[in-house]
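Peer 1: Contents are PDB, C-alpha atoms and all ligand atoms; file name run-v6.pdb:
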ATOM      1  CA  MET A   1       1.192  -1.674 -23.565
ATOM      2  CA  PRO A   2      -0.684   1.317 -24.966
ATOM      3  CA  LYS A   3      -3.444   1.005 -27.595
ATOM      4  CA  THR A   4      -1.901   3.785 -29.667
ATOM      5  CA  PRO A   5       1.656   3.237 -30.940
ATOM      6  CA  ASP A   6       4.049   5.870 -29.584
ATOM      7  CA  TYR A   7       1.434   6.888 -27.014
ATOM      8  CA  PHE A   8       4.114   7.784 -24.460
ATOM      9  CA  VAL A   9       6.474   9.619 -26.811
ATOM     10  CA  GLY A  10       6.933  13.193 -25.591
ATOM     11  CA  LYS A  11       4.660  12.714 -22.565
ATOM     12  CA  THR A  12       6.108  13.292 -19.103
ATOM     13  CA  ILE A  13       6.083  11.188 -15.962
ATOM     14  CA  VAL A  14       7.289  12.232 -12.511
ATOM     15  CA  ILE A  15       8.491   9.275 -10.431
ATOM     16  CA  THR A  16       9.284   9.609  -6.732
ATOM     17  CA  GLY A  17      11.653   7.037  -5.297
ATOM     18  CA  GLY A  18      13.220   7.033  -8.761
ATOM     19  CA  ALA A  19      16.736   6.231  -7.542
ATOM     20  CA  SER A  20      16.134   2.601  -6.644
ATOM     21  CA  GLY A  21      14.023  -0.531  -6.925
ATOM     22  CA  ILE A  22      10.534  -0.207  -8.373
ATOM     23  CA  GLY A  23      10.841   3.536  -9.087
ATOM     24  CA  ARG A  24      14.075   3.145 -11.033
ATOM     25  CA  ALA A  25      12.785   0.136 -12.998
ATOM     26  CA  THR A  26       9.633   2.084 -13.890
ATOM     27  CA  ALA A  27      11.717   5.080 -14.993
ATOM     28  CA  LEU A  28      13.652   2.884 -17.438
ATOM     29  CA  ILE A  29      10.429   1.318 -18.773
ATOM     30  CA  PHE A  30       8.806   4.719 -19.458
ATOM     31  CA  ALA A  31      12.038   5.910 -21.103
ATOM     32  CA  ARG A  32      11.976   2.824 -23.346
ATOM     33  CA  GLU A  33       8.523   3.982 -24.526
ATOM     34  CA  GLY A  34       9.832   7.464 -25.328
ATOM     35  CA  ALA A  35       8.468   9.348 -22.306
ATOM     36  CA  ASN A  36      10.297  12.196 -20.590
ATOM     37  CA  VAL A  37      11.159  10.959 -17.114
ATOM     38  CA  VAL A  38      11.619  13.060 -13.984
ATOM     39  CA  ALA A  39      13.218  10.778 -11.387
ATOM     40  CA  ALA A  40      13.064  12.323  -7.913
ATOM     41  CA  ASP A  41      14.442  10.859  -4.728
ATOM     42  CA  ILE A  42      15.797  11.901  -1.348
ATOM     43  CA  ASP A  43      18.909  10.206  -2.711
ATOM     44  CA  GLY A  44      19.631  12.925  -5.259
ATOM     45  CA  GLU A  45      22.775  11.215  -6.556
ATOM     46  CA  GLY A  46      20.808   8.032  -7.176
ATOM     47  CA  ALA A  47      18.076   9.980  -8.979
ATOM     48  CA  ARG A  48      20.692  11.594 -11.189
ATOM     49  CA  ARG A  49      22.181   8.157 -11.940
ATOM     50  CA  THR A  50      18.754   6.971 -13.132
ATOM     51  CA  ALA A  51      18.457  10.066 -15.338
ATOM     52  CA  GLU A  52      21.963   9.536 -16.728
ATOM     53  CA  ALA A  53      21.200   5.894 -17.580
ATOM     54  CA  ILE A  54      18.200   7.117 -19.586
ATOM     55  CA  GLN A  55      20.153   9.909 -21.274
ATOM     56  CA  GLN A  56      22.900   7.462 -22.253
ATOM     57  CA  GLN A  57      20.271   5.497 -24.168
ATOM     58  CA  GLY A  58      19.165   8.668 -25.972
ATOM     59  CA  GLY A  59      16.169   9.382 -23.726
ATOM     60  CA  HIS A  60      15.025  12.524 -21.965
ATOM     61  CA  ALA A  61      15.334  12.571 -18.191
ATOM     62  CA  LEU A  62      15.880  14.810 -15.221
ATOM     63  CA  GLY A  63      17.175  13.626 -11.835
ATOM     64  CA  LEU A  64      16.121  15.628  -8.781
ATOM     65  CA  ALA A  65      16.902  15.553  -5.059
ATOM     66  CA  THR A  66      13.474  15.659  -3.399
ATOM     67  CA  ASP A  67      12.272  14.770   0.079
ATOM     68  CA  VAL A  68       8.617  13.914  -0.530
ATOM     69  CA  ALA A  69       7.844  14.461   3.161
ATOM     70  CA  SER A  70       8.270  18.191   2.463
ATOM     71  CA  ARG A  71       5.423  19.919   0.633
ATOM     72  CA  ALA A  72       7.783  22.694  -0.486
ATOM     73  CA  GLU A  73      10.198  20.185  -2.045
ATOM     74  CA  VAL A  74       7.376  18.300  -3.766
ATOM     75  CA  ASP A  75       5.984  21.555  -5.203
ATOM     76  CA  ASP A  76       9.478  22.463  -6.380
ATOM     77  CA  MET A  77       9.884  19.018  -7.993
ATOM     78  CA  VAL A  78       6.697  19.471 -10.012
ATOM     79  CA  ALA A  79       7.603  23.072 -10.904
ATOM     80  CA  LYS A  80      10.970  21.867 -12.240
ATOM     81  CA  ALA A  81       9.298  19.085 -14.240
ATOM     82  CA  ILE A  82       6.924  21.625 -15.821
ATOM     83  CA  ALA A  83       9.764  24.084 -16.494
ATOM     84  CA  GLU A  84      11.711  21.329 -18.293
ATOM     85  CA  TYR A  85       8.951  19.487 -20.168
ATOM     86  CA  GLY A  86       5.906  21.798 -20.164
ATOM     87  CA  GLN A  87       3.466  19.598 -18.240
ATOM     88  CA  VAL A  88       3.144  16.460 -16.122
ATOM     89  CA  ASP A  89       1.018  13.782 -17.772
ATOM     90  CA  PHE A  90       1.605  10.992 -15.269
ATOM     91  CA  MET A  91       2.746  10.767 -11.689
ATOM     92  CA  PHE A  92       4.052   7.620 -10.015
ATOM     93  CA  ASN A  93       4.262   8.095  -6.243
ATOM     94  CA  CYS A  94       6.633   5.274  -5.407
ATOM     95  CA  ALA A  95       8.883   6.608  -2.610
ATOM     96  CA  GLY A  96       8.191   4.698   0.583
ATOM     97  CA  SER A  97       9.719   2.737   3.418
ATOM     98  CA  ALA A  98       8.931   0.689   6.527
ATOM     99  CA  PHE A  99      12.083   2.177   8.178
ATOM    100  CA  ARG A 100      12.343  -0.639  10.691
ATOM    101  CA  ARG A 101      10.386  -3.649  11.865
ATOM    102  CA  ALA A 102       8.801  -3.374  15.314
ATOM    103  CA  LYS A 103       6.077  -5.029  17.356
ATOM    104  CA  PHE A 104       3.060  -2.787  17.866
ATOM    105  CA  LEU A 105       3.962  -1.715  21.412
ATOM    106  CA  GLU A 106       7.495  -0.951  20.268
ATOM    107  CA  ILE A 107       6.400   1.515  17.596
ATOM    108  CA  ASP A 108       7.372   4.858  19.089
ATOM    109  CA  ASP A 109       6.107   8.272  18.062
ATOM    110  CA  GLU A 110       9.152   8.935  15.934
ATOM    111  CA  LEU A 111       8.790   5.753  13.858
ATOM    112  CA  HIS A 112       5.040   6.274  13.487
ATOM    113  CA  LYS A 113       5.457   9.906  12.464
ATOM    114  CA  LYS A 114       8.246   9.437   9.977
ATOM    115  CA  THR A 115       6.437   6.507   8.363
ATOM    116  CA  PHE A 116       3.286   8.583   7.852
ATOM    117  CA  ASP A 117       5.295  11.675   6.808
ATOM    118  CA  LEU A 118       6.896   9.664   4.007
ATOM    119  CA  ASN A 119       4.283   7.133   2.939
ATOM    120  CA  VAL A 120       1.106   9.187   3.466
ATOM    121  CA  ASN A 121       2.086  12.864   3.307
ATOM    122  CA  GLY A 122       4.446  12.202   0.395
ATOM    123  CA  VAL A 123       1.581  10.826  -1.700
ATOM    124  CA  PHE A 124      -0.820  13.530  -0.468
ATOM    125  CA  TYR A 125       1.577  16.335  -1.460
ATOM    126  CA  GLY A 126       2.395  14.651  -4.765
ATOM    127  CA  MET A 127      -1.241  14.327  -5.789
ATOM    128  CA  GLN A 128      -2.052  17.902  -4.737
ATOM    129  CA  ALA A 129       0.920  19.204  -6.722
ATOM    130  CA  VAL A 130       0.067  17.555 -10.054
ATOM    131  CA  LEU A 131      -3.734  17.516  -9.975
ATOM    132  CA  PRO A 132      -4.380  21.206 -10.823
ATOM    133  CA  GLY A 133      -2.463  20.906 -14.119
ATOM    134  CA  MET A 134      -4.143  17.604 -14.966
ATOM    135  CA  LEU A 135      -7.600  19.008 -14.212
ATOM    136  CA  ALA A 136      -6.908  22.104 -16.312
ATOM    137  CA  ARG A 137      -6.061  19.854 -19.283
ATOM    138  CA  GLY A 138      -8.718  17.258 -18.499
ATOM    139  CA  ALA A 139      -6.119  14.485 -18.689
ATOM    140  CA  GLY A 140      -3.696  12.692 -16.428
ATOM    141  CA  VAL A 141      -3.016   9.504 -14.520
ATOM    142  CA  ILE A 142      -1.690   9.112 -10.978
ATOM    143  CA  VAL A 143      -0.408   5.747  -9.762
ATOM    144  CA  ASN A 144       0.444   5.290  -6.076
ATOM    145  CA  VAL A 145       2.261   2.402  -4.429
ATOM    146  CA  ALA A 146       0.331   0.861  -1.552
ATOM    147  CA  SER A 147       1.215  -2.632  -0.309
ATOM    148  CA  MET A 148      -0.285  -6.067   0.187
ATOM    149  CA  SER A 149       0.366  -5.470   3.900
ATOM    150  CA  HIS A 150      -2.736  -3.259   4.207
ATOM    151  CA  LYS A 151      -4.803  -6.469   4.007
ATOM    152  CA  ARG A 152      -3.172  -8.099   6.997
ATOM    153  CA  GLY A 153      -2.232  -5.144   9.162
ATOM    154  CA  GLY A 154       1.451  -5.982   9.603
ATOM    155  CA  PRO A 155       1.082  -7.883  12.906
ATOM    156  CA  GLY A 156       4.296  -8.341  14.856
ATOM    157  CA  ALA A 157       6.475  -6.311  12.527
ATOM    158  CA  SER A 158       4.940  -3.334  10.772
ATOM    159  CA  VAL A 159       1.519  -2.041  11.827
ATOM    160  CA  HIS A 160       2.888   1.477  11.236
ATOM    161  CA  TYR A 161       3.754   0.605   7.643
ATOM    162  CA  ALA A 162       0.598  -1.398   6.849
ATOM    163  CA  ALA A 163      -1.624   1.384   8.208
ATOM    164  CA  SER A 164       0.200   4.031   6.183
ATOM    165  CA  LYS A 165      -0.266   1.970   3.017
ATOM    166  CA  ALA A 166      -3.978   1.545   3.790
ATOM    167  CA  ALA A 167      -4.148   5.349   3.847
ATOM    168  CA  VAL A 168      -2.488   5.462   0.409
ATOM    169  CA  LEU A 169      -5.087   3.049  -0.926
ATOM    170  CA  THR A 170      -7.976   5.069   0.547
ATOM    171  CA  MET A 171      -6.659   8.445  -0.634
ATOM    172  CA  THR A 172      -6.283   7.045  -4.139
ATOM    173  CA  LEU A 173      -9.853   5.757  -4.052
ATOM    174  CA  GLY A 174     -11.206   9.129  -2.937
ATOM    175  CA  VAL A 175      -9.234  11.254  -5.375
ATOM    176  CA  ALA A 176     -10.117   8.948  -8.260
ATOM    177  CA  ARG A 177     -13.816   8.991  -7.494
ATOM    178  CA  GLU A 178     -13.890  12.760  -6.853
ATOM    179  CA  HIS A 179     -12.369  13.353 -10.297
ATOM    180  CA  ALA A 180     -13.776  10.429 -12.244
ATOM    181  CA  LYS A 181     -15.546  12.736 -14.712
ATOM    182  CA  ASP A 182     -12.609  15.132 -15.071
ATOM    183  CA  GLY A 183     -10.403  13.026 -17.360
ATOM    184  CA  VAL A 184      -8.039  12.137 -14.516
ATOM    185  CA  ARG A 185      -7.580   8.580 -13.275
ATOM    186  CA  ALA A 186      -5.881   7.450 -10.070
ATOM    187  CA  LEU A 187      -4.933   3.890  -9.171
ATOM    188  CA  SER A 188      -2.835   2.132  -6.593
ATOM    189  CA  ILE A 189      -0.733  -0.999  -6.779
ATOM    190  CA  SER A 190      -0.408  -3.372  -3.827
ATOM    191  CA  PRO A 191       2.712  -5.459  -4.335
ATOM    192  CA  GLY A 192       3.666  -8.548  -2.402
ATOM    193  CA  PRO A 193       7.393  -8.911  -1.673
ATOM    194  CA  VAL A 194       9.566  -7.506  -4.451
ATOM    195  CA  ALA A 195      13.322  -7.979  -4.829
ATOM    196  CA  THR A 196      14.647  -4.463  -4.159
ATOM    197  CA  PRO A 197      16.762  -2.823  -1.413
ATOM    198  CA  PHE A 198      13.473  -2.165   0.464
ATOM    199  CA  GLN A 199      13.791  -5.075   2.933
ATOM    200  CA  GLU A 200      17.399  -4.162   3.667
ATOM    201  CA  ALA A 201      16.352  -0.556   4.308
ATOM    202  CA  ALA A 202      13.757  -1.842   6.815
ATOM    203  CA  ASP A 203      16.242  -4.247   8.397
ATOM    204  CA  THR A 204      13.900  -7.177   7.778
ATOM    205  CA  PRO A 205      15.198 -10.248   9.671
ATOM    206  CA  PRO A 206      15.898 -13.468   7.684
ATOM    207  CA  GLU A 207      13.015 -15.351   9.341
ATOM    208  CA  LEU A 208      10.542 -12.698   8.160
ATOM    209  CA  MET A 209      12.006 -12.891   4.633
ATOM    210  CA  GLU A 210      11.421 -16.671   4.710
ATOM    211  CA  LYS A 211       7.865 -16.115   5.902
ATOM    212  CA  PHE A 212       7.214 -13.690   3.030
ATOM    213  CA  LEU A 213       8.516 -16.248   0.550
ATOM    214  CA  ALA A 214       6.538 -19.123   2.073
ATOM    215  CA  ASP A 215       3.367 -17.057   1.535
ATOM    216  CA  VAL A 216       3.948 -16.759  -2.217
ATOM    217  CA  PRO A 217       2.699 -19.760  -4.238
ATOM    218  CA  MET A 218       5.047 -18.862  -7.107
ATOM    219  CA  GLY A 219       7.875 -19.368  -4.622
ATOM    220  CA  ARG A 220       9.809 -16.231  -5.489
ATOM    221  CA  PHE A 221       9.911 -12.496  -4.901
ATOM    222  CA  GLY A 222       8.585 -10.238  -7.651
ATOM    223  CA  GLU A 223      10.952  -8.270  -9.843
ATOM    224  CA  PRO A 224      10.655  -4.464  -9.876
ATOM    225  CA  GLU A 225      10.005  -4.527 -13.623
ATOM    226  CA  GLU A 226       6.908  -6.652 -12.948
ATOM    227  CA  ILE A 227       5.453  -3.626 -11.158
ATOM    228  CA  GLY A 228       6.811  -1.086 -13.657
ATOM    229  CA  GLU A 229       5.110  -2.725 -16.651
ATOM    230  CA  LEU A 230       1.788  -2.495 -14.788
ATOM    231  CA  VAL A 231       2.365   1.217 -14.144
ATOM    232  CA  LEU A 232       2.905   1.619 -17.900
ATOM    233  CA  PHE A 233      -0.365  -0.176 -18.686
ATOM    234  CA  MET A 234      -2.252   1.831 -16.056
ATOM    235  CA  CYS A 235      -1.040   5.128 -17.540
ATOM    236  CA  SER A 236      -1.817   4.069 -21.104
ATOM    237  CA  ASP A 237      -4.880   4.604 -23.275
ATOM    238  CA  ALA A 238      -5.518   0.842 -23.077
ATOM    239  CA  CYS A 239      -6.608   1.282 -19.463
ATOM    240  CA  GLY A 240      -9.262   3.986 -19.803
ATOM    241  CA  TYR A 241     -12.014   2.397 -17.683
ATOM    242  CA  MET A 242      -9.872   1.543 -14.671
ATOM    243  CA  THR A 243      -9.696   4.002 -11.812
ATOM    244  CA  ALA A 244      -9.848   4.127  -7.995
ATOM    245  CA  ASP A 245      -8.936   0.511  -7.272
ATOM    246  CA  THR A 246      -5.802  -1.193  -6.112
ATOM    247  CA  VAL A 247      -4.244  -4.022  -8.134
ATOM    248  CA  TYR A 248      -2.496  -6.864  -6.323
ATOM    249  CA  VAL A 249       0.776  -8.122  -7.775
ATOM    250  CA  ASN A 250       1.970 -10.900  -5.533
ATOM    251  CA  GLY A 251       2.664 -14.228  -7.246
ATOM    252  CA  GLY A 252      -0.699 -15.537  -6.054
ATOM    253  CA  GLY A 253      -0.039 -15.035  -2.368
ATOM    254  CA  GLY A 254       0.359 -12.086  -0.115
ATOM    255  CA  TRP A 255      -1.395 -12.792   3.123
ATOM    256  CA  ARG A 256      -5.010 -13.211   2.201
TER     257      ARG A 256
HETATM  258  N1  LIG A 301       9.932  -4.207  -2.085
HETATM  259  C1  LIG A 301       8.831  -4.662  -1.527
HETATM  260  O1  LIG A 301       8.782  -5.813  -1.070
HETATM  261  C2  LIG A 301       7.611  -3.804  -1.472
HETATM  262  C3  LIG A 301       6.365  -4.412  -1.228
HETATM  263  C4  LIG A 301       5.224  -3.626  -1.159
HETATM  264  C5  LIG A 301       5.313  -2.261  -1.370
HETATM  265  N2  LIG A 301       6.538  -1.695  -1.608
HETATM  266  C6  LIG A 301       6.584  -0.239  -1.807
HETATM  267  O2  LIG A 301       7.191   0.019  -3.061
HETATM  268  C7  LIG A 301       7.734   1.332  -3.061
HETATM  269  C8  LIG A 301       9.138   1.293  -3.642
HETATM  270  O3  LIG A 301       9.947   0.519  -2.819
HETATM  271  P1  LIG A 301      11.142  -0.359  -3.384
HETATM  272  O4  LIG A 301      10.829  -1.768  -3.083
HETATM  273  O5  LIG A 301      11.458   0.032  -4.771
HETATM  274  O6  LIG A 301      12.280   0.073  -2.339
HETATM  275  P2  LIG A 301      13.658   0.881  -2.512
HETATM  276  O7  LIG A 301      14.182   1.012  -1.130
HETATM  277  O8  LIG A 301      14.496   0.228  -3.550
HETATM  278  O9  LIG A 301      13.178   2.307  -3.079
HETATM  279  C9  LIG A 301      12.581   3.283  -2.282
HETATM  280  C10 LIG A 301      13.140   4.621  -2.692
HETATM  281  O10 LIG A 301      12.443   5.646  -1.958
HETATM  282  C11 LIG A 301      13.399   6.632  -1.634
HETATM  283  N3  LIG A 301      12.970   7.466  -0.515
HETATM  284  C12 LIG A 301      12.951   7.135   0.805
HETATM  285  N4  LIG A 301      12.554   8.190   1.533
HETATM  286  C13 LIG A 301      12.292   9.189   0.654
HETATM  287  C14 LIG A 301      11.835  10.531   0.799
HETATM  288  N5  LIG A 301      11.587  11.060   2.015
HETATM  289  N6  LIG A 301      11.682  11.285  -0.314
HETATM  290  C15 LIG A 301      11.964  10.773  -1.527
HETATM  291  N7  LIG A 301      12.390   9.521  -1.729
HETATM  292  C16 LIG A 301      12.557   8.735  -0.645
HETATM  293  C17 LIG A 301      14.664   5.836  -1.291
HETATM  294  O11 LIG A 301      15.825   6.662  -1.312
HETATM  295  C18 LIG A 301      14.635   4.777  -2.373
HETATM  296  O12 LIG A 301      15.341   5.182  -3.529
HETATM  297  C19 LIG A 301       7.659   1.821  -1.605
HETATM  298  O13 LIG A 301       6.564   2.708  -1.472
HETATM  299  C20 LIG A 301       7.410   0.542  -0.817
HETATM  300  O14 LIG A 301       6.724   0.804   0.376
HETATM  301  C21 LIG A 301       7.673  -2.439  -1.679
END
Show this structure as structure tokens.
Peer 2:
Amino acid sequence: MPKTPDYFVGKTIVITGGASGIGRATALIFAREGANVVAADIDGEGARRTAEAIQQQGGHALGLATDVASRAEVDDMVAKAIAEYGQVDFMFNCAGSAFRRAKFLEIDDELHKKTFDLNVNGVFYGMQAVLPGMLARGAGVIVNVASMSHKRGGPGASVHYAASKAAVLTMTLGVAREHAKDGVRALSISPGPVATPFQEAADTPPELMEKFLADVPMGRFGEPEEIGELVLFMCSDACGYMTADTVYVNGGGGWR
């Protein structure tokens, strides 16, 4: 929660991957606090549904169809957010996928490329699109979604994904430290397994799901809201001295 009551009222967050899972849950949490929410997703219909859910509760939201693997579409997303709400105070780069599970030697060029286009380039474009405005105002927070998998490397199932998330973590570290004196903070979150359509999208087999669960001492998957509330804290004025690092949210487990 913020230190200042109503801290988020009238401030604007752009959320990629805002149609589903962690991005959608975070959109609803920021709307609850009175923020303007721009939910962007390659699933434009889904993004609009998130925006409509917020509007129905009296909040301010915009749903956009955006492929974050395209710099032009990311620039357009941020331009539309600024046209609607004047500025972007916070950015949550949440869009991401493992696409499919594969052993290392079965990761072909296409899977490798599309994983990095989405998970790495999407975050790179997003940060480059919002940073100039934040630097000009001397204020802003960027939160990127990495993954617990960067610690273990994704052996046997997702080296492509784990490596892309390690890049997210490192980019966040570099951007945060480069701009530490400029009023802009950047952080990443490394979740363990969270109950969203993510595993289905990656076609995760049941035995891998059981392995994920067995690795979590709390004995359950996380809920998307348990990530979203952390994003809220990270963006708030209660979190002023935290930048650069990743925060693990994993029920005490997550492949140490
Ligand atoms: N669920 C987990 O277990 C887990 C664990 C660690 C990290 N993560 C990360 O959390 C983030 C959110 O995932 P989630 O669990 O909410 O999954 P999700 O599948 O519910 O949401 C991902 C969203 O990203 C969108 N998306 C995919 N490609 C896109 C593109 N090119 N441009 C814009 N949007 C695109 C999808 O349409 C979807 O709405 C991802 O970055 C994922 O890698 C998830």
Peer 1: A:Gly133, A:Gly58, A:Pro191, A:Gly183: which is nearest ligand LIG 301 (chain A), counting all atoms listed in the file?
Peer 2: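 Closest candidate: A:Pro191.
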Peer 1: Selection in question (the file shown): the PyMOL selection byres (((chain A and resi 41) around 8) and not hetatm). Which residues does it include, as a list in words?
Peer 2: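 Selection result, ordered by chain and number: Thr16, Gly17, Gly18, Ala19, Ala39, Ala40, Ile42, Asp43, Gly44, Gly46, Ala47, Leu64, Ala65, Thr66, Asp67, Val68 and Ala95 of chain A.
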Peer 1: Selection from above, C-alpha atoms, as a tab-separated table (two decimals), in the frame of the given file, can you write it?
Peer 2:
chain	number	residue	atom	x	y	z
A	16	THR	CA	9.28	9.61	-6.73
A	17	GLY	CA	11.65	7.04	-5.30
A	18	GLY	CA	13.22	7.03	-8.76
A	19	ALA	CA	16.74	6.23	-7.54
A	39	ALA	CA	13.22	10.78	-11.39
A	40	ALA	CA	13.06	12.32	-7.91
A	42	ILE	CA	15.80	11.90	-1.35
A	43	ASP	CA	18.91	10.21	-2.71
A	44	GLY	CA	19.63	12.92	-5.26
A	46	GLY	CA	20.81	8.03	-7.18
A	47	ALA	CA	18.08	9.98	-8.98
A	64	LEU	CA	16.12	15.63	-8.78
A	65	ALA	CA	16.90	15.55	-5.06
A	66	THR	CA	13.47	15.66	-3.40
A	67	ASP	CA	12.27	14.77	0.08
A	68	VAL	CA	8.62	13.91	-0.53
A	95	ALA	CA	8.88	6.61	-2.61
Peer 1: Show which residues sit within 12 Å of Gly154 of chain A, as a list in words. Count all atoms listed in the file, and ignore same-chain residues fewer than 2 positions away.
Peer 2: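 These residues fall inside the cut-off: Ala98, Arg101, Ala102, Lys103, Phe104, Ser147, Met148, Ser149, His150, Lys151, Arg152, Gly156, Ala157, Ser158, Val159, His160, Tyr161, Ala162, Ala163, Ser164, Lys165, Ala166, Leu208, Phe212, Gly254 and Trp255 of chain A.
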Peer 1: I need the residue nearest Thr26 of chain A from this list: A:Leu230, A:Val216, A:Ala129, A:Met77. Use only C-alpha atoms for the distance.
Peer 2: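 Smallest distance to Thr26 of chain A is found for A:Leu230.
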Peer 1: Might you spell out which residues the PyMOL selection byres (((chain A and resi 174-178) around 12) and not hetatm) would select in the displayed file, as a PyMOL selection string?
Peer 2: chain A and resi 123-124+127-128+131+135+140-144+167-173+179-188+241-246
Peer 1: One decimal, in Å: what's the spacing between atom CA of Gly138 of chain A and atom O10 of ligand LIG 301 (chain A)?
Peer 2: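 Going from atom CA of Gly138 of chain A over to atom O10 of ligand LIG 301 (chain A), I get 29.3 Å.
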Peer 1: Check which residues satisfy the PyMOL selection byres (((chain A and resi 85) around 12) and not hetatm) in the file shown, then give them as JSON, numbers by chain.
Peer 2: {"A": [10, 11, 12, 13, 14, 35, 36, 37, 38, 60, 61, 62, 78, 79, 80, 81, 82, 83, 84, 86, 87, 88, 89]}
Peer 1: Work out where the centre of an axis-aligned box around every listed atom of ligand LIG 301 (chain A) lies and how long its edges are once 8 Å is added on each side; give both in Å to one decimal as JSON.
Peer 2:
{"center_x": 10.5, "center_y": 2.7, "center_z": -1.4, "size_x": 26.6, "size_y": 33.1, "size_z": 22.8}
Peer 1: I need the residue nearest ligand LIG 301 (chain A) from this list: A:Ser70, A:Asn250, A:Gln55, A:Thr196. Use only C-alpha atoms and all ligand atoms for the distance.
Peer 2: A:Thr196
Peer 1: Point out the residue among A:Phe198, A:Phe92, A:Phe116, A:Phe99 with the least atom-to-atom distance to ligand LIG 301 (chain A), counting only C-alpha atoms and all ligand atoms.
Peer 2: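 With only C-alpha atoms and all ligand atoms as the atom set, the closest residue is A:Phe198.
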Peer 1: As an exercise, work out the distance from atom C19 of ligand LIG 301 (chain A) to atom CA of Gly59 of chain A in Å and give it to one decimal place.
Peer 2: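 These two atoms are separated by 24.9 Å.
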Peer 1: Can you work out which one of A:Ala195, A:Gly34, A:Thr4, A:Phe90 has the shortest atom-to-atom distance to Ser20 of chain A, counting all atoms listed in the file?
Peer 2: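 Looking at the shortest contact to Ser20 of chain A, the residue is A:Ala195.
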Peer 1: What does the distance from atom CA of Phe8 of chain A to atom CA of Ile29 of chain A come to in Å, to one decimal?
Peer 2: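 Value for the atom CA of Phe8 of chain A-atom CA of Ile29 of chain A distance: 10.7 Å.
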Peer 1: Hey, which of A:Phe30, A:Phe221, A:Phe233, A:Tyr7 ends up closest to ligand LIG 301 (chain A)? Count all atoms listed in the file.
Peer 2: A:Phe221
